[in-house]
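Q: So I've got this file, my_file26.txt, and it contains compact mmCIF, C-alpha atoms:
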# COMPACT_ATOMS: atom_id res chain seq x y z
CA MET A 1 -17.01 -15.78 -17.35
CA LEU A 2 -18.79 -14.77 -14.12
CA ARG A 3 -16.19 -16.58 -12.04
CA ASN A 4 -13.40 -14.76 -13.93
CA LEU A 5 -15.18 -11.48 -13.37
CA LEU A 6 -15.53 -12.07 -9.63
CA HIS A 7 -11.92 -13.25 -9.40
CA SER A 8 -10.69 -10.12 -11.20
CA TYR A 9 -12.77 -7.90 -8.91
CA LEU A 10 -11.24 -9.27 -5.67
CA PRO A 11 -8.25 -6.85 -5.44
CA TYR A 12 -10.70 -3.98 -6.00
CA GLY A 13 -13.35 -5.38 -3.66
CA ALA A 14 -10.83 -5.68 -0.83
CA VAL A 15 -10.04 -1.96 -1.13
CA ASP A 16 -13.74 -1.15 -1.49
CA LEU A 17 -14.31 -2.72 1.95
CA LEU A 18 -11.91 -0.23 3.52
CA MET A 19 -13.16 2.69 1.44
CA VAL A 20 -16.80 2.01 2.34
CA VAL A 21 -15.89 2.08 6.05
CA ALA A 22 -13.97 5.32 5.46
CA ILE A 23 -16.86 6.97 3.58
CA ILE A 24 -19.50 5.87 6.13
CA THR A 25 -17.46 7.17 9.09
CA GLU A 26 -16.75 10.44 7.28
CA LEU A 27 -20.47 10.90 6.63
CA LEU A 28 -21.41 9.97 10.22
CA ASN A 29 -18.81 12.37 11.63
CA ALA A 30 -19.93 15.07 9.18
CA ARG A 31 -16.35 15.32 7.87
CA TYR A 32 -17.48 16.04 4.34
CA ASP A 33 -14.10 17.65 3.55
CA LEU A 34 -12.42 14.24 3.94
CA LEU A 35 -14.70 12.64 1.34
CA TRP A 36 -12.51 14.20 -1.38
CA ALA A 37 -9.60 12.04 -0.21
CA ASN A 38 -11.43 8.96 -1.56
CA VAL A 39 -11.83 10.35 -5.08
CA PRO A 40 -8.28 9.66 -6.44
CA LEU A 41 -8.44 6.03 -5.29
CA LEU A 42 -11.92 5.61 -6.74
CA VAL A 43 -10.88 7.04 -10.12
CA LEU A 44 -7.68 4.96 -10.32
CA GLY A 45 -9.54 1.78 -9.32
CA LEU A 46 -12.28 2.34 -11.90
CA TRP A 47 -9.71 3.03 -14.62
CA SER A 48 -7.63 -0.05 -13.81
CA PHE A 49 -10.67 -2.33 -13.50
CA SER A 50 -12.23 -1.05 -16.73
CA ARG A 51 -8.98 -1.82 -18.59
CA LYS A 52 -9.02 -5.33 -17.17
CA LEU A 53 -12.69 -5.77 -18.15
CA ASN A 54 -12.02 -4.54 -21.69
CA ARG A 55 -9.27 -7.12 -22.10
CA MET A 56 -11.48 -9.87 -20.72
CA GLN A 57 -14.17 -8.86 -23.23
CA VAL A 58 -11.70 -8.93 -26.12
CA ASP A 59 -10.45 -12.37 -25.02
CA ALA A 60 -14.03 -13.65 -24.75
CA ASP A 61 -14.90 -12.35 -28.25
CA ARG A 62 -12.01 -14.24 -29.84
CA MET B 1 -10.48 1.10 15.76
CA LEU B 2 -11.75 -2.44 15.90
CA ILE B 3 -13.57 -2.02 12.58
CA VAL B 4 -10.27 -1.27 10.78
CA GLU B 5 -8.70 -4.35 12.32
CA ILE B 6 -11.62 -6.57 11.26
CA VAL B 7 -11.64 -5.12 7.73
CA MET B 8 -7.87 -5.66 7.46
CA ILE B 9 -8.26 -9.35 8.43
CA LEU B 10 -11.03 -9.73 5.83
CA MET B 11 -8.86 -8.00 3.20
CA THR B 12 -5.97 -10.35 4.00
CA ALA B 13 -8.17 -13.44 3.60
CA ILE B 14 -9.51 -12.21 0.25
CA LEU B 15 -6.15 -11.11 -1.14
CA LEU B 16 -4.22 -14.17 0.07
CA TRP B 17 -6.77 -16.40 -1.62
CA HIS B 18 -6.50 -14.29 -4.77
CA ALA B 19 -2.69 -14.50 -4.71
CA GLY B 20 -2.87 -18.28 -4.34
CA GLU B 21 -5.24 -18.59 -7.32
CA GLU B 22 -3.48 -16.05 -9.51
CA GLN B 23 0.11 -17.14 -8.86
CA SER B 24 0.66 -19.91 -6.29
CA PRO B 25 0.06 -20.45 -2.55
CA SER B 26 3.81 -20.25 -1.91
CA PHE B 27 3.91 -16.86 -3.65
CA GLY B 28 1.13 -15.60 -1.34
CA LEU B 29 2.88 -16.92 1.75
CA ILE B 30 6.30 -15.51 0.84
CA PHE B 31 4.76 -12.18 -0.17
CA TRP B 32 2.77 -11.74 3.06
CA VAL B 33 5.50 -12.96 5.43
CA THR B 34 8.23 -10.74 3.98
CA ALA B 35 6.06 -7.66 3.35
CA SER B 36 4.72 -7.99 6.93
CA LEU B 37 8.25 -8.12 8.26
CA PHE B 38 9.29 -5.13 6.15
CA GLY B 39 6.26 -3.04 7.12
CA PHE B 40 6.25 -3.95 10.79
CA LEU B 41 9.99 -3.39 11.33
CA LYS B 42 9.67 -0.05 9.53
CA GLU B 43 6.87 0.91 11.94
CA ILE B 44 8.94 -0.15 14.96
CA LEU B 45 11.82 2.00 13.68
CA ALA B 46 9.49 4.97 13.14
CA ILE B 47 7.78 4.66 16.54
CA HIS B 48 10.80 3.98 18.76
CA PHE B 49 13.72 5.63 16.98
CA THR B 50 12.82 8.28 14.42
CA HIS B 51 9.52 9.29 16.17
CA PHE B 52 8.03 10.39 12.86
CA TYR B 53 4.52 9.57 14.08
CA ALA B 54 2.53 7.92 16.88
CA PHE B 55 -0.39 5.48 16.82
CA SER B 56 -3.47 5.44 19.05
CA GLY B 57 -6.89 3.84 19.31
CA PHE B 58 -6.03 0.33 18.08
CA THR B 59 -7.04 -2.83 19.99
CA LEU B 60 -4.08 -5.19 19.55
CA TRP B 61 -0.48 -4.04 19.98
CA LEU B 62 2.94 -5.67 19.58
CA PHE B 63 6.21 -3.88 20.52
CA GLY B 64 4.29 -0.60 20.65
CA VAL B 65 2.93 -0.97 17.11
CA PRO B 66 -0.67 -1.93 16.21
CA VAL B 67 -0.75 -5.61 15.17
CA VAL B 68 -2.92 -4.65 12.20
CA TYR B 69 0.21 -3.20 10.55
CA LEU B 70 1.43 -6.77 10.06
CA LEU B 71 -1.41 -7.08 7.53
CA PHE B 72 -1.77 -3.52 6.27
CA TRP B 73 1.47 -3.28 4.28
CA PRO B 74 1.30 -6.64 2.44
CA ASN B 75 -2.36 -5.98 1.66
CA ILE B 76 -1.88 -2.61 0.04
CA ILE B 77 1.37 -3.51 -1.74
CA TYR B 78 -0.39 -6.55 -3.23
CA VAL B 79 -3.31 -4.34 -4.31
CA ALA B 80 -0.87 -1.89 -5.95
CA LEU B 81 0.80 -4.78 -7.79
CA ARG B 82 -2.47 -6.20 -9.14
CA TRP B 83 -4.07 -2.87 -10.05
CA SER B 84 -0.94 -1.89 -11.98
CA GLU B 85 -0.72 -5.24 -13.77
CA ASN B 86 -4.40 -5.04 -14.70
CA ALA B 87 -4.02 -1.52 -16.06
CA THR B 88 -1.03 -2.34 -18.24
CA ALA B 89 -1.64 -6.03 -19.06
CA GLU B 90 1.97 -6.70 -18.01
CA SER B 91 3.09 -9.37 -15.57
CA PHE B 92 5.43 -7.73 -13.08
CA LEU B 93 7.37 -10.88 -12.28
CA ALA B 94 7.47 -12.36 -15.78
CA SER B 95 8.00 -9.18 -17.82
CA THR B 96 11.54 -8.42 -18.97
CA SER B 97 10.94 -4.66 -18.70
CA PRO B 98 8.37 -3.81 -16.03
CA HIS B 99 9.46 -0.15 -15.94
CA GLN B 100 6.04 1.18 -16.91
CA LEU B 101 4.58 -0.62 -13.87
CA TYR B 102 6.69 1.26 -11.29
CA PRO B 103 4.97 4.67 -11.72
CA LEU B 104 1.56 2.96 -11.48
CA ILE B 105 2.60 1.05 -8.35
CA PHE B 106 3.78 4.33 -6.84
CA LEU B 107 0.54 6.07 -7.82
CA THR B 108 -1.68 3.31 -6.41
CA MET B 109 0.20 3.30 -3.11
CA ALA B 110 -0.02 7.11 -2.98
CA VAL B 111 -3.79 7.26 -3.54
CA ILE B 112 -4.32 4.50 -0.94
CA ALA B 113 -2.24 6.64 1.47
CA ILE B 114 -4.38 9.70 0.78
CA MET B 115 -7.60 7.75 1.45
CA PHE B 116 -6.38 5.82 4.51
CA GLU B 117 -4.58 8.67 6.26
CA ALA B 118 -7.57 11.02 5.82
CA PHE B 119 -9.85 8.32 7.27
CA GLY B 120 -7.45 7.71 10.19
CA SER B 121 -7.17 11.43 10.93
CA GLN B 122 -10.78 11.44 12.19
CA TYR B 123 -9.78 9.22 15.11
CA GLN B 124 -6.15 10.34 15.55
CA MET B 125 -5.13 6.81 14.57
CA ILE B 126 -1.86 8.24 13.28
CA THR B 127 -0.48 11.52 14.68
CA TRP B 128 2.30 12.98 12.58
CA ASN B 129 5.07 14.65 14.59
CA ILE B 130 6.64 16.13 11.49
CA GLY B 131 5.30 19.57 10.81
CA SER B 132 4.81 20.59 7.20
CA ASN B 133 3.63 23.63 5.29
CA LEU B 134 2.06 21.38 2.69
CA VAL B 135 -0.75 19.15 3.94
CA LEU B 136 -3.46 17.02 2.38
CA TRP B 137 -6.96 16.18 3.62
CA GLY B 138 -6.96 15.50 7.37
CA LYS B 139 -3.79 17.64 7.75
CA VAL B 140 -1.68 14.72 6.55
CA PRO B 141 1.81 15.92 5.47
CA VAL B 142 2.24 15.82 1.70
CA PHE B 143 5.28 13.57 1.94
CA VAL B 144 3.17 10.67 3.32
CA PRO B 145 1.94 9.47 -0.12
CA PHE B 146 5.59 9.52 -1.24
CA SER B 147 6.46 7.30 1.73
CA TYR B 148 3.77 4.77 0.78
CA GLY B 149 4.75 4.88 -2.90
CA ILE B 150 8.41 4.28 -2.21
CA MET B 151 7.55 1.42 0.19
CA GLY B 152 5.66 -0.33 -2.60
CA ILE B 153 8.35 0.19 -5.22
CA LEU B 154 11.19 -0.93 -2.94
CA PHE B 155 9.47 -4.10 -1.79
CA LEU B 156 8.29 -5.12 -5.26
CA TYR B 157 11.74 -4.43 -6.73
CA ALA B 158 13.29 -6.78 -4.15
CA LEU B 159 10.55 -9.35 -4.75
CA ARG B 160 11.12 -9.31 -8.51
CA GLU B 161 14.89 -9.55 -8.20
CA THR B 162 14.54 -12.50 -5.83
CA TRP B 163 11.85 -14.22 -7.87
CA ARG B 164 13.85 -14.12 -11.07
CA ALA B 165 17.14 -15.18 -9.46
CA ILE B 166 15.96 -18.12 -7.33
CA ILE B 167 13.54 -20.99 -7.92
CA ASP B 168 13.36 -22.70 -4.52
CA PRO B 169 10.53 -21.17 -2.38
CA LEU B 170 12.43 -21.49 0.90
CA LYS B 171 15.52 -19.82 -0.57
CA ARG B 172 13.31 -17.07 -1.99
CA LEU B 173 11.87 -16.46 1.47
CA PHE B 174 15.31 -16.22 3.10
CA ARG B 175 16.71 -14.02 0.33
CA LEU B 176 13.79 -11.61 0.69
CA MET B 177 14.26 -11.55 4.47
CA ILE B 178 17.86 -10.52 3.90
CA TRP B 179 16.56 -7.71 1.67
CA VAL B 180 14.33 -6.33 4.49
CA PRO B 181 16.92 -4.32 6.51
CA ILE B 182 18.34 -2.91 3.26
CA LEU B 183 14.85 -1.84 2.18
CA ILE B 184 14.11 -0.21 5.55
CA LEU B 185 17.34 1.80 5.49
CA THR B 186 16.79 2.80 1.86
CA HIS B 187 13.22 3.87 2.63
CA THR B 188 14.30 5.95 5.64
CA GLY B 189 17.02 7.63 3.60
CA ALA B 190 14.67 8.31 0.69
CA MET B 191 12.10 9.80 3.08
CA PHE B 192 14.70 12.14 4.54
CA VAL B 193 15.66 13.37 1.06
CA ILE B 194 12.01 13.80 -0.02
CA LYS B 195 11.13 15.62 3.21
CA VAL B 196 14.00 18.07 2.69
CA GLY B 197 12.94 18.49 -0.95
CA ILE B 198 9.33 19.25 0.03
CA ASP B 199 10.49 21.67 2.74
CA ILE B 200 12.66 23.53 0.22
CA PHE B 201 9.77 23.58 -2.27
CA SER B 202 7.27 24.82 0.34
CA GLY B 203 9.65 27.44 1.73
CA ALA B 204 10.04 25.81 5.17
CA ILE B 205 13.78 25.59 4.44
CA LYS B 206 15.21 28.69 2.81
CA LEU B 207 18.23 28.42 0.54
CA HIS B 208 20.36 31.57 0.49
Would you kindly transcribe this structure into structure tokens?
A:
Amino acid sequence: MLRNLLHSYLPYGAVDLLMVVAIITELLNARYDLLWANVPLLVLGLWSFSRKLNRMQVDADR
Amino acid sequence: MLIVEIVMILMTAILLWHAGEEQSPSFGLIFWVTASLFGFLKEILAIHFTHFYAFSGFTLWLFGVPVVYLLFWPNIIYVALRWSENATAESFLASTSPHQLYPLIFLTMAVIAIMFEAFGSQYQMITWNIGSNLVLWGKVPVFVPFSYGIMGILFLYALRETWRAIIDPLKRLFRLMIWVPILILTHTGAMFVIKVGIDIFSGAIKLH
């Protein structure tokens, strides 16, 4: 189960790497206006990953 | 931007491994080779011929284009594919009607564009030469997310067509390589139409 979870997270984790760099640089450069540009990606990623997790849970309960 | 180049290499390693586990190693290899070729040739066209934008601040360059763009396009198109499949529980390659996946692929590519271009705007990584009345964060023209979205849809359409028509991995690779110039021309044409559409919508072009 944990291995499946980690495996499913990889396409999200790869993007998180880039987004974390983006957010840190935006904070360091005090470009707080640019932080909003990360929100759509964050929301879409959370939605997609939660749907995947729900399905994994349903499969595990069977 | 050495950090971007390092992160992109890390992303490639993670995603290639994921593609190998999820599908097959040959799928990963064909996907990355052909999407790299598509993305990189598109960048060469944009830098040397259409002059839509210019790059600066990268460490490694090839034919006037940052080498990192060999990895950038396959990485984000693969992410768009997997995020969309996970959201819909549909397999893009196996499904007989993957039409509900295309809008999600477009959306994922578009939101990645919004994040990445805003990040890059801090360091003038990408300078857009196309003026626009409508801009996003970091003064990125609004047609840029459309460009990313259409890139993803075009490549994945060609991938799916090839995957379902041919079994042999080597033949799949060659067939997809033949698709590349067609995809680049289609993308450039689509961008022109979308740019004109946005300019009409924003009032930059007035129809009398």
Q: Could you list, as a ChimeraX atom specification, every residue within 12 Å of range 96-109 of chain B, counting only C-alpha atoms and ignoring same-chain residues fewer than 2 positions away?
A: /A:12,15,40-48 /B:72-94,111-117,144-157,160-161,164
Q: May I have the residues within 9 Å of Gly28 in chain B as JSON, numbers by chain, using all atoms listed in the file and disregarding those fewer than 4 positions away in the same chain?
A: {"B": [15, 16, 17, 18, 19, 20, 23, 24, 32, 33]}
Q: As a PyMOL selection string, please: the residues near range 17-32 of chain A (cut-off 8 Å, only C-alpha atoms, same-chain neighbours under 5 positions excluded).
A: (chain A and resi 38) or (chain B and resi 4+7-8+11+115-116+119+122)
Q: Write out, as a tab-separated table (two decimals), keeping the file's coordinate frame, the residues just selected, with C-alpha atoms.
A:
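The result, stored in again_1.tsv:
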chain	number	residue	atom	x	y	z
A	38	ASN	CA	-11.43	8.96	-1.56
B	4	VAL	CA	-10.27	-1.27	10.78
B	7	VAL	CA	-11.64	-5.12	7.73
B	8	MET	CA	-7.87	-5.66	7.46
B	11	MET	CA	-8.86	-8.00	3.20
B	115	MET	CA	-7.60	7.75	1.45
B	116	PHE	CA	-6.38	5.82	4.51
B	119	PHE	CA	-9.85	8.32	7.27
B	122	GLN	CA	-10.78	11.44	12.19
Q: Ranking A:Leu53, A:Leu34, A:Met1, A:Leu6 by minimum distance to chain B and counting only C-alpha atoms, which one comes first?
A: A:Leu34
